[in-house]
Amino acid sequence: MPTQPIAGRATYTDSFLNCEKFPAMPFKLVSKYAWLFCGLIILFSACRPEAEPKSYTLQFEEMEVPADSSSMFPALTFNPEGELLLNWLYEPDTLSRLMMAKWNGDQEWSTPREIATGSEWFINWADFPSLSANAKGQLVTYSLPKSSDDTYAYDVGLYQSTDDGNTWTGPIVPHHDQVKAEHGFVSFLNFNNGKIGAIWLDGRNYGQAEHEGHGGHGAGGEPDMTLRYATIDAQGNIADDHELDPKVCSCCQTDAALLPDGAIVVYRDRSAEEVRDIGYVRLIDGEWTAPQQIADDFWEIAGCPVNGPGVSTRGKNVAVSWYTAAEGQAQVKLAFSTDQGATFGAPIRLDAGEPLGRVDVKFWDEETALISWVEQESPTTAAIRLKLMRTDGETILDERVADFDPSRSSGFPRMAAQDGTAYLAWTETGPKPNVKLVKIQ
């Protein structure tokens with residue numbers, strides 16, 4: 001299905017009330033009222049026009065990408081040098097290839113590099129590789145190698161590079177349970193101590209149990225999916241492996257971001273009553289907190305909706321976006337925190353009435369965040385939408401970015417943002433899929 005990114009701009013201008021001019025007033029001054037007149041002059045002179053209104057303008061530019069036809073499921077991140085890293089899956093035949101390229105300071109793409117290949121990977125429209133880069137020059141990504149012939153038996157296989165992506169080692173399995181079950185939906189934390197944190201959904205409790213499938217995992221009586229964490233250092237050593245939440249939704253993406261005092265991880269939780277709202281845990285001063293809820297949507301659903309949350313941080317500010325269909329009403333929501341996630345403000349609804357979710361969120365600057373999601377426009381068509389929001393809840397810009405195929409084969413649009421520039425990537429479906437990329441500035 002062809003897409004039509006916007007090649008243009010959208011502008012928003014703040015409006016401020018200025019002091020109106022005061023009408024001339026006839027006075028007959030007497031000396032004993034001179035002090036009053038002087039005071040009025042001082043008061044009126046302070047009533048001046050405000051500075052130029054603050055204007056927000058977003059320009060959208062479609063970029064060429066180094067990914068060949070038969071490429072899909074892109075993800076984006078920045079390295080510490082401010083260079084954009086793009087990774088994707090390339091499948092021209094029966095062999096799956098995990099690829100990456102770098103948009104460097106010369107404003108050109110590096111030659112694409114093949115990170116790893118596999119003929120027995122679990123390829124999932126919702127569980128796609130992402131890439132992490134820390135200040136020590138360490139790059140980490142992952143695949144999902146099958147661990148048995150069972151459909152949903154696969155491991156997390158980490159690959160890492162310590163030479164800017166020129167060479168890679170792996171796969172390194174961060175979980176040591178050796179259970180042939182689901183492990184996936186990985187997110188990363190780019191610590192600056194020579195380690196990268198990995199968070200994943202861990203199905204070790206499932207064992208060899210049969211699953212209903214990723215269209216909506218079963219409920220009632222099945223073992224619990226867990227949320228786990230570990231770190232990997234530059235030598236490939238795995239440490240700090242432990243459980244973050246003992247019962248979570250079985251096939252929704254996780255996301256994670258650093259805080260001044262640690263980190264925050266967001267995911268779709270799951271209660272005994274099958275309420276699947278957005279949960280989070282924080283790493284504060286070296287200790288993980290107990291699971292909490294971003295908001296009480298009370299979405300009760302028997303199967304997994306395959307629609308995880310997104311999180312972004314800037315200083316102590318945190319933005320979390322998510323999809324819910326509580327009480328039968330599909331919605332995309334956003335909540336801000338100004339205290340590193342200790343508390344969150346009331347949720348803000350973002351969608352236009354028919355959202356499919358597939359959200360992402362990135363801070364644009366200290367006070368604004370970009371949120372992307374997919375909105376259904378007809379039974380067979382959809383669009384990627386984007387909002388720029390203030391942390392006080394004000395909508396600054398609301399844009400339709402591009403056509404989007406609502407089928408699963410199109411995956412999830414992904415963003416990266418830094419210093420007032422953002423990039424948005426997604427899969428364009430067709431006889432052979434392609435990676436599309438838009439620059440936003």
# chains A, B, ... in the order shown; residues from 1 in each chain; ligands from 1
$ closest_atom_pairs --of "range 214-298 of chain A" --to "range 327-331 of chain A" --cutoff "12 Å" --atoms "only C-alpha atoms" --output "CSV"
residue,atom,partner,partner_atom,distance
A:Val275,CA,A:Glu327,CA,11.5
A:Asp297,CA,A:Glu327,CA,8.9
A:Phe298,CA,A:Glu327,CA,8.3
$ select_by_dssp --residues "range 68-226 of chain A" --states "strand (DSSP E or B)" --output "number ranges by chain"
A: 71-78, 84-90, 96-103, 109, 113-118, 121, 132-133, 139-143, 145-146, 154, 157-161, 169-172, 183-189, 195-202, 225-226
$ write_last_selection --atoms "C-alpha atoms" --output "JSON list (two decimals), in the first residue's frame"
[["chain", "number", "residue", "atom", "x", "y", "z"],
["A", 71, "SER", "CA", 12.93, -4.87, 4.43],
["A", 72, "MET", "CA", 10.59, -4.37, 7.37],
["A", 73, "PHE", "CA", 10.08, -3.50, 11.05],
["A", 74, "PRO", "CA", 12.56, -0.60, 11.45],
["A", 75, "ALA", "CA", 13.65, 0.93, 14.74],
["A", 76, "LEU", "CA", 15.62, 4.11, 15.49],
["A", 77, "THR", "CA", 17.97, 5.45, 18.13],
["A", 78, "PHE", "CA", 20.78, 7.99, 18.52],
["A", 84, "LEU", "CA", 21.00, 8.43, 13.93],
["A", 85, "LEU", "CA", 21.08, 4.62, 13.94],
["A", 86, "LEU", "CA", 18.53, 2.67, 11.89],
["A", 87, "ASN", "CA", 18.04, -1.08, 12.23],
["A", 88, "TRP", "CA", 15.64, -3.35, 10.37],
["A", 89, "LEU", "CA", 14.93, -6.92, 9.26],
["A", 90, "TYR", "CA", 15.78, -7.89, 5.68],
["A", 96, "SER", "CA", 16.40, -13.46, 7.98],
["A", 97, "ARG", "CA", 19.03, -10.74, 8.24],
["A", 98, "LEU", "CA", 19.30, -8.17, 11.03],
["A", 99, "MET", "CA", 20.71, -4.97, 9.52],
["A", 100, "MET", "CA", 21.84, -1.52, 10.63],
["A", 101, "ALA", "CA", 23.10, 1.74, 9.12],
["A", 102, "LYS", "CA", 24.19, 5.13, 10.47],
["A", 103, "TRP", "CA", 23.22, 8.63, 9.31],
["A", 109, "TRP", "CA", 24.10, 6.87, 5.22],
["A", 113, "ARG", "CA", 25.98, -3.74, 7.97],
["A", 114, "GLU", "CA", 24.69, -7.22, 8.57],
["A", 115, "ILE", "CA", 24.53, -7.82, 12.32],
["A", 116, "ALA", "CA", 23.36, -11.43, 12.25],
["A", 117, "THR", "CA", 21.44, -13.95, 10.16],
["A", 118, "GLY", "CA", 19.12, -16.81, 11.04],
["A", 121, "TRP", "CA", 14.19, -16.91, 14.11],
["A", 132, "SER", "CA", 20.84, 0.48, 22.03],
["A", 133, "ALA", "CA", 23.99, 2.63, 22.14],
["A", 139, "LEU", "CA", 25.87, -1.30, 20.80],
["A", 140, "VAL", "CA", 23.31, -3.99, 21.64],
["A", 141, "THR", "CA", 20.39, -5.42, 19.67],
["A", 142, "TYR", "CA", 18.53, -8.74, 19.61],
["A", 143, "SER", "CA", 16.80, -11.49, 17.66],
["A", 145, "PRO", "CA", 16.06, -17.62, 17.93],
["A", 146, "LYS", "CA", 13.74, -20.63, 18.18],
["A", 154, "TYR", "CA", 12.12, -18.96, 21.53],
["A", 157, "GLY", "CA", 19.45, -13.58, 21.65],
["A", 158, "LEU", "CA", 21.50, -10.43, 22.30],
["A", 159, "TYR", "CA", 24.15, -9.24, 19.85],
["A", 160, "GLN", "CA", 26.67, -6.59, 20.78],
["A", 161, "SER", "CA", 29.41, -4.52, 19.20],
["A", 169, "THR", "CA", 29.26, -11.05, 18.82],
["A", 170, "GLY", "CA", 26.32, -13.19, 19.90],
["A", 171, "PRO", "CA", 23.76, -14.44, 20.41],
["A", 172, "ILE", "CA", 24.02, -14.03, 24.18],
["A", 183, "HIS", "CA", 11.02, -14.74, 25.77],
["A", 184, "GLY", "CA", 10.87, -11.40, 23.99],
["A", 185, "PHE", "CA", 9.54, -7.84, 23.75],
["A", 186, "VAL", "CA", 12.91, -6.43, 24.78],
["A", 187, "SER", "CA", 13.69, -2.83, 25.67],
["A", 188, "PHE", "CA", 17.06, -1.35, 26.65],
["A", 189, "LEU", "CA", 18.57, 1.12, 29.11],
["A", 195, "LYS", "CA", 26.66, -1.76, 30.88],
["A", 196, "ILE", "CA", 23.35, -1.88, 29.05],
["A", 197, "GLY", "CA", 20.19, -2.95, 30.84],
["A", 198, "ALA", "CA", 17.77, -5.31, 29.11],
["A", 199, "ILE", "CA", 14.11, -5.76, 30.03],
["A", 200, "TRP", "CA", 12.00, -8.54, 28.53],
["A", 201, "LEU", "CA", 8.85, -10.60, 28.91],
["A", 202, "ASP", "CA", 9.76, -14.03, 30.25],
["A", 225, "MET", "CA", 4.10, -14.17, 32.08],
["A", 226, "THR", "CA", 6.76, -12.28, 34.05]]
$ closest_residue --among "A:Phe344, A:Trp288, A:Phe412, A:Tyr423" --to "Leu370 in chain A" --atoms "only C-alpha atoms"
A:Tyr423
